[in-house]
Amino acid sequence: MTRGKQKIDAQRRNAERNQKSKGSQLEARAVGLKIVCPICKVQLANEKQLTDHYGSKHPKEKAPSTSNA
């Protein structure tokens with residue numbers, strides 16, 4: 001076990017390390033979500049997710065081609 005100054009320094013380092021990991025991920029999420037479904041306006045990360053989304057949520061509609069997305 002550490003005592004005195006070592007303990008205080010370790011607590012300070014751990015507190016700094018834990019503060020960096022906290023926070024909102026909204027900015028990172030917004031960067032990753034680039035494709036929007038034109039029907040329901042849900043945001044998707046890539047075109048494979050868009051085709052899967054069309055298959056499950058809009059089965060009667062045809063998925064847009066990659067040039068239209």
# chains A, B, ... in the order shown; residues from 1 in each chain; ligands from 1

$ select_by_dssp --residues "chain A" --states "helix (DSSP H, G or I)" --output "JSON, numbers by chain"
{"A": [5, 6, 7, 8, 9, 10, 11, 12, 13, 14, 15, 16, 17, 18, 19, 20, 21, 26, 27, 28, 29, 30, 31, 32, 47, 48, 49, 50, 51, 52, 53, 54, 55, 56, 57]}

$ residues_around --residues "His53 (chain A)" --least-positions-apart "3" --cutoff "10 Å" --atoms "only C-alpha atoms" --output "list in words"
Cys37, Val42, Leu44, Glu47, Lys48, Gln49, Leu50, Ser56, Lys57, His58, Pro59 and Ala63 of chain A

$ select_by_dssp --residues "chain A" --states "strand (DSSP E or B)" --output "ChimeraX atom specification"
/A:35-36,43-44

$ closest_residue --among "A:Pro64, A:Ile8, A:Gln19, A:Gln25" --to "Pro38 (chain A)" --atoms "only C-alpha atoms"
A:Pro64

$ residues_around --residues "Val31 (chain A)" --least-positions-apart "3" --cutoff "12 Å" --atoms "only C-alpha atoms" --output "list in words"
Gln25, Leu26, Glu27, Ala28, Lys34, Ile35, Gln43, Leu44, Ala45 and Asn46 of chain A

$ atom_distance --atom1 "CA of Lys41 (chain A)" --atom2 "CA of Ser65 (chain A)"
16.6 Å
